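Some notes on the structure that comes next.
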Amino acid sequence: MELKERNRSGPSELLTGGSGGSAGSGSGSLDRATRLADAGDAAIDAALSEDPLNYLAQNRQEGGE
Amino acid sequence: MAPAFLHGLETEYAFSQFAEGGGVLDRADGLRTLFAVARKRLECLPDAASSGFFLGNGSRFYIDAGHHPELSTPECSDPWQLVRYLKAGEAILIDLARDLDEQGLTPGLERTCFFRNNVDYHSHATWGCHESYQYRERAKAMPAELIPHLVSRIVFTGAGGFDDRAPGVEFVLSPRVGHLERVSSNDSTGNRGIFHTKDEPLSRGGWHRLHLICGESLCGELSSFLKVATTALIVRLIEHDASGGRAVILVSPRATMKAFSADPTCRRTATLTEGGRMSAIEIQRHYLAAAEASIGRAYMPDWAADVCRIWRATLDRLDPLLRSESCDDVPYVFDWAIKQQLYAGHAERRGFAQPDVQRYNRLARKVAQQLDAQRPESLRELQKATKRHSLAQKVAPTLERHEVRLEEFQAFLALRAELCEIDTRFGELGERGLHTILERSGTITHSLAEVSKAWLQKGIPGILHVDRAKSEPPPEARSHFRGNEIRRLAASEERCSADWHVIIDHERNRIYDLSDPFGTGAGWRDSTEDSPLSTRLRLERARARGSRTPF
């Protein structure tokens, strides 16, 4: 349900066949989008829970290429 | 006989070592240990001209500006080999990270990490992924005819991410584009150009080396493959005046590249000097048609047909975007599209649907401008600023006009911080990287073989034998002979050193000449004092003695 909400808005609907799409807008496409969203959410939650490994701040770079 | 091609990639990786209990260890110390471990683990010879090593697989491993470890692939004759050695390089780094973590050489070390990132959202420093393409003809035509390709290829080569200088959450197909400040430039550390004019052949025989710095480090195998394969074909077409590039020259290449990068719908069009407008996908179709028309010509490689098939299938998959229709496979294959899905989803989970994000982006720009002298260079500074009472009071009327409470605006800034963090984690090498996790979960389609099998009636070859490529050189060209000689001489590294064009035996005063890029290796010969090569080697050796330590 959360994903269906998500696909109602924004450019992401174009990519996943949310509302109004033709090619790939069937239930198979939505299932696939759901699987990606679920796996992505789980991976993101796990990554963000790894405090104090704040990668962005810790990995701050010096200089350029 | 297939025409000769040589291509290469140089990739800078972000490197961090996290300490037990939090914090990060000194990067310079970590890099010293990394190179000490690499020297023991890998068959290698010292780099004759600078710090670092040449490896037994023909590649180069060294430290570039900004304390970035960099891996250059060996010269490869087709895009399959090139991606194979790119992946082998990443596998080597994963091995080295494991060694560092397990060998107990660094007190207090919890974990060593390498990242395939392109921009640092904190410092705005960049990590480069440079491409080299050897060519011989029509050097003067190269910029004009190639730039439209470089501008438009980001629809399948974009790494995805955020505009690191924008105060809000502004998703872009290619974060690198924000760091390209010229159409053409000879500089690679500032004032970078879409087209890099540096031409350092590193070989004899009248060759040019096209050196591109506008591309990005990518997680997806197909994206990396298409990046080098399509560009190599177009370079070859330009050499033979068959690219059709003159018909798609852009009136404003930089503005167009920014506009294409900021448009995940891929519908935006750009004005051509010949008149008319084209989208990025249409420009790519134009080049593809030229490549397909030349298949079978003597100057085209025998792999051109396979590249054109997967190139066409890619554009077919992107085409529905032009009609505002949905795409089947795009969100599961290309880095930018995978990220866009994930990040939009995460924003929504935090209460910011896409229209909200756009609204808050406009507000963030206004707030950033309003803070004026304290104008934040990065999100973190904006976050801090809005927490200071005096500044919070200053922006309060603006927030009120937009019916946004300070806490809501701060929640948006916190979202941006999270998304930048997630984007950094996306490209981490090894099993903790988000791309790797998604790939292993089967939710994204990753490999060239898998994608081509799904998209084409008859698939094209995949990227094979990556593990062997960690130690074995490519099967042809000078990189083959460089790698084999390095493997043979690795035990005597104090005596010998290597460069792209030569291996030097300092003790016996002899050289292995690799200056002919397609040569079979002429074998060892004495280096006579009066030869130009010997003079150069003496200078390089003297220079290397002063900079053997990378730091």
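Labeling convention for the structure tokens: chains A, B, ... as they appear, residues from 1 per chain, ligands from 1 in order of appearance.
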Contact residues around region 81-93 of chain B with only C-alpha atoms at 8 Å, ignoring same-chain residues under 2 positions, as a compact mmCIF listing (two decimals) with C-alpha atoms, in the first residue's frame:
# COMPACT_ATOMS: atom_id res chain seq x y z
CA HIS B 7 40.79 2.06 -24.46
CA GLY B 8 41.30 2.55 -20.76
CA LEU B 9 39.65 3.83 -17.60
CA LEU B 71 43.25 2.38 -10.38
CA THR B 73 42.92 -0.38 -16.16
CA PRO B 74 45.40 -1.82 -18.62
CA GLU B 75 44.89 -0.79 -22.23
CA CYS B 76 42.11 -2.99 -23.61
CA SER B 77 41.07 -3.64 -27.19
CA ASP B 78 37.32 -3.96 -26.71
CA PRO B 79 34.72 -2.75 -24.19
CA ASP B 95 40.50 -7.99 -1.23
CA LEU B 96 42.82 -5.29 0.09
CA ALA B 97 40.14 -3.88 2.38
CA PHE B 114 36.15 2.04 -0.74
CA GLU B 221 27.74 -3.14 -15.57
CA SER B 224 29.82 1.15 -17.76
CA PHE B 225 29.81 -0.98 -20.89
CA LEU B 429 32.42 -1.57 -2.85
CA ILE B 463 31.71 -9.89 -18.80
CA LEU B 464 33.61 -13.08 -18.03
CA HIS B 465 36.53 -14.29 -15.91
CA VAL B 466 36.80 -11.21 -13.73
CA ASP B 467 38.63 -13.16 -11.04
CA ALA B 469 41.77 -10.60 -14.57
CA LYS B 470 42.90 -9.66 -11.07
CA PRO B 474 44.74 -8.75 -21.28
Could you write out as an MDAnalysis selection string the residues of chain B within 8 Å of chain A, counting only C-alpha atoms?
chainID B and resid 12 14:16 18 21:24 64:68 120:123 125:128 188:189 264:265 320:321 324:328 330:331 337 340:342 344:346 348 353:355 418 420:422 424:425 434 437:438 441 443:444
Selected residues, C-alpha atoms, written as a CSV table (one decimal), in the first residue's frame, please.
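Dumped everything to selection-v1.csv:
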chain,number,residue,atom,x,y,z
B,12,GLU,CA,39.5,7.4,-8.2
B,14,ALA,CA,36.9,7.3,-2.0
B,15,PHE,CA,38.8,5.6,0.9
B,16,SER,CA,37.9,5.6,4.6
B,18,PHE,CA,36.4,3.7,10.5
B,21,GLY,CA,33.7,3.1,18.7
B,22,GLY,CA,33.2,5.7,16.0
B,23,GLY,CA,35.2,8.3,14.2
B,24,VAL,CA,37.5,7.9,11.3
B,64,ASP,CA,46.2,10.9,-7.0
B,65,ALA,CA,45.6,14.4,-5.9
B,66,GLY,CA,43.4,14.7,-2.8
B,67,HIS,CA,44.7,11.4,-1.3
B,68,HIS,CA,42.5,9.4,-3.6
B,120,ASP,CA,31.5,14.7,-2.0
B,121,TYR,CA,28.4,16.4,-0.7
B,122,HIS,CA,30.3,18.0,2.2
B,123,SER,CA,33.5,19.4,0.7
B,125,ALA,CA,35.5,17.7,-3.9
B,126,THR,CA,35.1,15.2,-6.8
B,127,TRP,CA,36.3,11.8,-7.6
B,128,GLY,CA,37.2,11.3,-11.3
B,188,SER,CA,41.2,18.5,-15.0
B,189,THR,CA,41.3,19.9,-11.4
B,264,PRO,CA,14.7,12.5,-15.1
B,265,THR,CA,11.8,12.5,-17.6
B,320,PRO,CA,8.5,5.7,-23.7
B,321,LEU,CA,9.7,8.6,-21.5
B,324,SER,CA,5.3,10.4,-21.1
B,325,GLU,CA,4.7,6.7,-20.8
B,326,SER,CA,6.2,4.3,-18.3
B,327,CYS,CA,9.3,2.3,-18.8
B,328,ASP,CA,9.6,-1.4,-18.0
B,330,VAL,CA,14.9,1.4,-16.9
B,331,PRO,CA,14.4,1.8,-13.2
B,337,ALA,CA,17.0,5.5,-12.4
B,340,GLN,CA,15.7,8.1,-8.4
B,341,GLN,CA,13.2,5.4,-7.4
B,342,LEU,CA,14.8,4.7,-4.1
B,344,ALA,CA,11.8,9.4,-4.1
B,345,GLY,CA,10.5,6.5,-2.0
B,346,HIS,CA,12.6,7.4,1.0
B,348,GLU,CA,7.9,9.9,0.7
B,353,ALA,CA,6.1,13.4,-1.7
B,354,GLN,CA,7.6,14.7,-4.9
B,355,PRO,CA,5.4,17.9,-5.2
B,418,GLU,CA,20.0,11.4,4.9
B,420,CYS,CA,23.3,12.4,0.6
B,421,GLU,CA,24.4,9.8,3.2
B,422,ILE,CA,22.4,7.1,1.3
B,424,THR,CA,27.4,7.9,-0.5
B,425,ARG,CA,26.6,4.4,0.6
B,434,LEU,CA,23.4,-0.5,-1.4
B,437,ILE,CA,22.6,-5.4,-1.7
B,438,LEU,CA,19.9,-4.7,-4.3
B,441,SER,CA,18.4,-9.5,-3.7
B,443,THR,CA,15.5,-6.6,-7.4
B,444,ILE,CA,17.7,-4.9,-10.0
Straight-line distance linking CA of Gln383 (chain B) with CA of Leu363 (chain B), stated in Å to one decimal
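Going from CA of Gln383 (chain B) over to CA of Leu363 (chain B) covers 13.7 Å.
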Could you jot down the CA of Val357 (chain B) to CA of Val169 (chain B) separation for me, Å, one decimal place?
6.9 Å
